[in-house]
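Student: Have a look at the structure that comes next, please.
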Amino acid sequence: MKKEELELKEELDKKEIVKQYRALLRKIPGKLTKEDKDLLRQAFNVAADAHKTMRRKSGEPYILHPIAVARIAAEEVGLGVTAIVCALLHDVVEDSEWNLEGIEAKFGKKVAAIIGGLTKIDGVIVGKNSMQAENFRKLLLTMAEDVRVILIKICDRLHNMRTLSSMSKKNQMKIGSETLYLYAPLAHRLGLNAIKSELEDLSLKYTQPDKYHSIADGLKSKKVQRK
């Protein structure tokens with residue numbers, strides 16, 4: 001890619017990032033105070049810097065992922081400013097030189113505790129064994145001292161499922177199966193019925209595509225009748 005094309009792409013990426021961040025701010029429930037806006041801006045700046053050289057499999061700047069997760073948390077779950085800050089920062093400790101002590105010093109104990117919970121749960125999910133699905137879900141709920149940890153994880157998984165088409169078939173199967181096994185039932189238990197249904201639909205799309213398209217075609221053909 002030529003230098004001019006790279007510069008143009010970088011400029012377009014920056015505009016899209018700013019656009020999505022502003023859209024996020026409009027979706028946060030309640031009226032934002034100046035302190036809220038300052039805190040959110042700090043979280044955005046930290047996340048943008050931590051992920052500045054990273055891109056997703058789709059090729060888009062990685063920072064668009066935490067912004068999207070934060071927007072799901074605000075718009076579809078109705079979480080407040082503290083949770084939105086944590087959603088913006090949810091991958092920072094894992095992907096950069098930031099640690100929990102640094103997060104606590106800048107954003108306070110509550111934010112650090114939630115980020116720590118997200119990191120801890122990631123470790124458990126990666127190393128999960130063959131324990132019964134229900135027992136495993138109970139373990140995660142017990143581990144999370146703050147339910148916002150689980151809610152942010154569900155938002156994170158929902159955005160990953162919505163953008164799963166850019167992943168390899170192997171990863172689509174793995175992530176789709178894990179979503180059906182773990183995240184959809186957790187969403188159901190926490191009363192997030194619309195998210196639970198979407199997670200199930202997306203899981204079926206990638207783990208059993210023939211069955212998914214057969215059902216989708218059937219629903220489409222009977223759309224008028226169902227109305």
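Residue names in the structure tokens use chain letters A, B, ... in the order shown, residue numbers from 1 in each chain, and ligand numbers from 1 in the order shown.
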Counting only C-alpha atoms, give me one row per residue of region 113-193 of chain A with an atom at most 12 Å from an atom of region 101-109 of chain A, showing the shortest contact pair and its distance in Å to one decimal, sorted by chain then residue number, as CSV.
Tutor:
residue,atom,partner,partner_atom,distance
A:Ala113,CA,A:Lys109,CA,6.0
A:Ile114,CA,A:Lys109,CA,8.7
A:Ile115,CA,A:Ile103,CA,8.5
A:Gly116,CA,A:Ile103,CA,9.7
Student: With a cut-off of 10 Å, could you pull out the residues of region 133-180 of chain A touching region 88-92 of chain A and give me the nearest pair of atoms for each, distance in Å to one decimal, using only C-alpha atoms, ordered by chain and ascending number, as a Markdown table?
Tutor:
| residue | atom | partner | partner_atom | distance |
| --- | --- | --- | --- | --- |
| A:Val149 | CA | A:His90 | CA | 9.8 |
| A:Ile152 | CA | A:His90 | CA | 8.4 |
| A:Lys153 | CA | A:His90 | CA | 8.9 |
| A:Asp156 | CA | A:His90 | CA | 8.8 |
Student: Which residue gives the smallest distance to Ser96 (chain A) among A:Glu75, A:Glu5, A:Asp38, A:Asp49, with only C-alpha atoms counted?
Tutor: A:Asp49
Student: At what distance in Å, to one decimal, does CA of Ile121 (chain A) lie from CA of Thr142 (chain A)?
Tutor: 10.7 Å
Student: Can you tell me which residues surround Ala50 (chain A) at a distance of at most 10 Å, considering only C-alpha atoms, apart from same-chain residues fewer than 2 positions away, and format the answer as a list in words?
Tutor: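 Returned residues: Phe44, Asn45, Val46, Ala47, Ala48, Lys52, Thr53, Met54, Tyr62, Ile63, Leu89, Asp91, Val92, Val93, Glu94, Asp95, Ser96, Glu97 and Trp98 of chain A.
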Student: I need the chosen residues saved as an mmCIF file, in the first residue's frame, with N, CA and C atoms.
Tutor:
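Written output follows (selection21.cif):
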data_model
loop_
_atom_site.group_PDB
_atom_site.id
_atom_site.type_symbol
_atom_site.label_atom_id
_atom_site.label_comp_id
_atom_site.auth_asym_id
_atom_site.auth_seq_id
_atom_site.Cartn_x
_atom_site.Cartn_y
_atom_site.Cartn_z
ATOM 1 N N PHE A 44 -11.057 5.870 27.628
ATOM 2 C CA PHE A 44 -10.932 5.765 26.168
ATOM 3 C C PHE A 44 -9.497 6.020 25.725
ATOM 4 N N ASN A 45 -8.872 7.050 26.283
ATOM 5 C CA ASN A 45 -7.494 7.377 25.907
ATOM 6 C C ASN A 45 -6.524 6.249 26.265
ATOM 7 N N VAL A 46 -6.702 5.680 27.459
ATOM 8 C CA VAL A 46 -5.836 4.571 27.890
ATOM 9 C C VAL A 46 -6.019 3.373 26.963
ATOM 10 N N ALA A 47 -7.277 3.034 26.669
ATOM 11 C CA ALA A 47 -7.553 1.881 25.801
ATOM 12 C C ALA A 47 -7.032 2.124 24.388
ATOM 13 N N ALA A 48 -7.272 3.326 23.864
ATOM 14 C CA ALA A 48 -6.820 3.642 22.501
ATOM 15 C C ALA A 48 -5.300 3.547 22.394
ATOM 16 N N LYS A 52 -3.205 0.705 20.188
ATOM 17 C CA LYS A 52 -2.972 1.536 18.996
ATOM 18 C C LYS A 52 -2.331 0.786 17.828
ATOM 19 N N THR A 53 -1.555 -0.260 18.120
ATOM 20 C CA THR A 53 -0.909 -0.994 17.022
ATOM 21 C C THR A 53 -1.658 -2.281 16.668
ATOM 22 N N MET A 54 -2.781 -2.513 17.314
ATOM 23 C CA MET A 54 -3.495 -3.775 17.148
ATOM 24 C C MET A 54 -4.673 -3.650 16.181
ATOM 25 N N TYR A 62 -8.349 -2.305 16.606
ATOM 26 C CA TYR A 62 -8.835 -3.100 17.733
ATOM 27 C C TYR A 62 -9.679 -2.277 18.703
ATOM 28 N N ILE A 63 -9.379 -0.990 18.849
ATOM 29 C CA ILE A 63 -10.082 -0.149 19.813
ATOM 30 C C ILE A 63 -11.585 -0.121 19.543
ATOM 31 N N LEU A 89 -11.840 -0.709 29.139
ATOM 32 C CA LEU A 89 -10.516 -1.142 29.596
ATOM 33 C C LEU A 89 -10.364 -2.660 29.678
ATOM 34 N N ASP A 91 -9.612 -5.249 28.000
ATOM 35 C CA ASP A 91 -8.481 -6.010 27.432
ATOM 36 C C ASP A 91 -7.127 -5.342 27.675
ATOM 37 N N VAL A 92 -7.115 -4.214 28.370
ATOM 38 C CA VAL A 92 -5.889 -3.423 28.517
ATOM 39 C C VAL A 92 -4.803 -4.163 29.294
ATOM 40 N N VAL A 93 -5.172 -4.798 30.406
ATOM 41 C CA VAL A 93 -4.171 -5.510 31.232
ATOM 42 C C VAL A 93 -3.588 -6.689 30.462
ATOM 43 N N GLU A 94 -4.432 -7.366 29.719
ATOM 44 C CA GLU A 94 -3.975 -8.541 28.969
ATOM 45 C C GLU A 94 -3.113 -8.166 27.764
ATOM 46 N N ASP A 95 -3.407 -7.021 27.149
ATOM 47 C CA ASP A 95 -2.782 -6.676 25.861
ATOM 48 C C ASP A 95 -1.706 -5.599 25.922
ATOM 49 N N SER A 96 -1.419 -5.069 27.113
ATOM 50 C CA SER A 96 -0.432 -3.980 27.183
ATOM 51 C C SER A 96 0.374 -4.072 28.476
ATOM 52 N N GLU A 97 1.177 -3.056 28.729
ATOM 53 C CA GLU A 97 2.023 -3.046 29.931
ATOM 54 C C GLU A 97 1.269 -2.594 31.181
ATOM 55 N N TRP A 98 0.020 -2.212 31.036
ATOM 56 C CA TRP A 98 -0.777 -1.832 32.205
ATOM 57 C C TRP A 98 -1.003 -3.032 33.117
#
Student: Among the residues of region 36-85 of chain A, find those DSSP assigns to helix (DSSP H, G or I) from the backbone and print them as an MDAnalysis selection string.
Tutor: chainID A and resid 36:50 64:77 81:85
Student: Of the residues A:Ser214, A:Asn171, A:Asn135, A:Thr179, which is the one nearest to His159 (chain A), using only C-alpha atoms?
Tutor: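 Selected residue with least distance to His159 (chain A): A:Thr179.
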Student: Considering only C-alpha atoms, return as an MDAnalysis selection string whatever protein or nucleic-acid residues lie within 10 Å of Ser177 (chain A), sequence-local ones (same chain, fewer than 4 positions apart) excluded.
Tutor: chainID A and resid 171:173 181:183 200 203:204 206:208
Student: Between CA of Glu11 (chain A) and CA of Leu24 (chain A), what is the distance, to one decimal in Å?
Tutor: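 That distance, rounded to one decimal, is 20.2 Å.
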Student: Would you mind telling me which residue in A:Lys170, A:Lys31, A:Lys9, A:Lys110 lies nearest to Glu60 (chain A) when using only C-alpha atoms?
Tutor: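 Using only C-alpha atoms, Glu60 (chain A) sits closest to A:Lys9.
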Student: Measuring between only C-alpha atoms, which one of A:Ala68, A:Ala184, A:Ile28, A:Leu100 shows the shortest distance to Val81 (chain A)?
Tutor: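 Smallest separation from Val81 (chain A) among the options: A:Ile28.
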Student: Within 7 Å of region 185-195 of chain A, counting only C-alpha atoms, which residues qualify if same-chain residues fewer than 4 places away don't, as a tab-separated table (two decimals) with N, CA, C and O atoms, in the first residue's frame?
Tutor:
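Output file selection_15.tsv is given in full below:
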chain	number	residue	atom	x	y	z
A	137	ARG	N	-21.00	-22.88	35.33
A	137	ARG	CA	-21.65	-21.56	35.32
A	137	ARG	C	-21.80	-21.04	36.75
A	137	ARG	O	-21.60	-19.85	37.02
A	154	ILE	N	-20.39	-11.10	29.10
A	154	ILE	CA	-21.45	-11.45	28.16
A	154	ILE	C	-21.49	-10.44	27.01
A	154	ILE	O	-21.64	-10.82	25.83
A	199	LEU	N	-27.41	-14.90	21.17
A	199	LEU	CA	-26.24	-15.77	21.33
A	199	LEU	C	-26.54	-17.18	20.83
A	199	LEU	O	-25.70	-17.81	20.18
Student: If we count only C-alpha atoms and set the cut-off at 10 Å, which residues sit around Val124 (chain A), ignoring sequence neighbours fewer than 6 positions away in its own chain? Please answer as a list in words.
Tutor: Phe136, Leu139, Leu140 and Met143 of chain A
Student: Could those residues be written to a file, using N, CA, C and O atoms, as a JSON list (two decimals), in the first residue's frame?
Tutor:
[["chain", "number", "residue", "atom", "x", "y", "z"],
["A", 136, "PHE", "N", -20.18, -25.38, 36.24],
["A", 136, "PHE", "CA", -19.18, -24.43, 35.77],
["A", 136, "PHE", "C", -19.76, -23.01, 35.77],
["A", 136, "PHE", "O", -19.10, -22.06, 36.18],
["A", 139, "LEU", "N", -19.86, -21.76, 39.23],
["A", 139, "LEU", "CA", -18.52, -21.38, 39.68],
["A", 139, "LEU", "C", -18.19, -19.95, 39.24],
["A", 139, "LEU", "O", -17.69, -19.15, 40.03],
["A", 140, "LEU", "N", -18.49, -19.64, 37.98],
["A", 140, "LEU", "CA", -18.20, -18.29, 37.47],
["A", 140, "LEU", "C", -18.99, -17.24, 38.23],
["A", 140, "LEU", "O", -18.47, -16.19, 38.58],
["A", 143, "MET", "N", -17.45, -16.79, 41.59],
["A", 143, "MET", "CA", -16.15, -16.12, 41.52],
["A", 143, "MET", "C", -16.30, -14.61, 41.38],
["A", 143, "MET", "O", -15.48, -13.85, 41.88]]
Student: Tell me which of A:Arg71, A:Lys138, A:His65, A:Arg56 sits closest to Leu25 (chain A), counting only C-alpha atoms.
Tutor: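 Using only C-alpha atoms, the shortest distance to Leu25 (chain A) belongs to A:Arg71.
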Student: Would you mind telling me which residue in A:Pro29, A:Gln20, A:Lys37, A:Ser58 lies nearest to Ser166 (chain A) when using only C-alpha atoms?
Tutor: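 Counting only C-alpha atoms, the residue closest to Ser166 (chain A) is A:Ser58.
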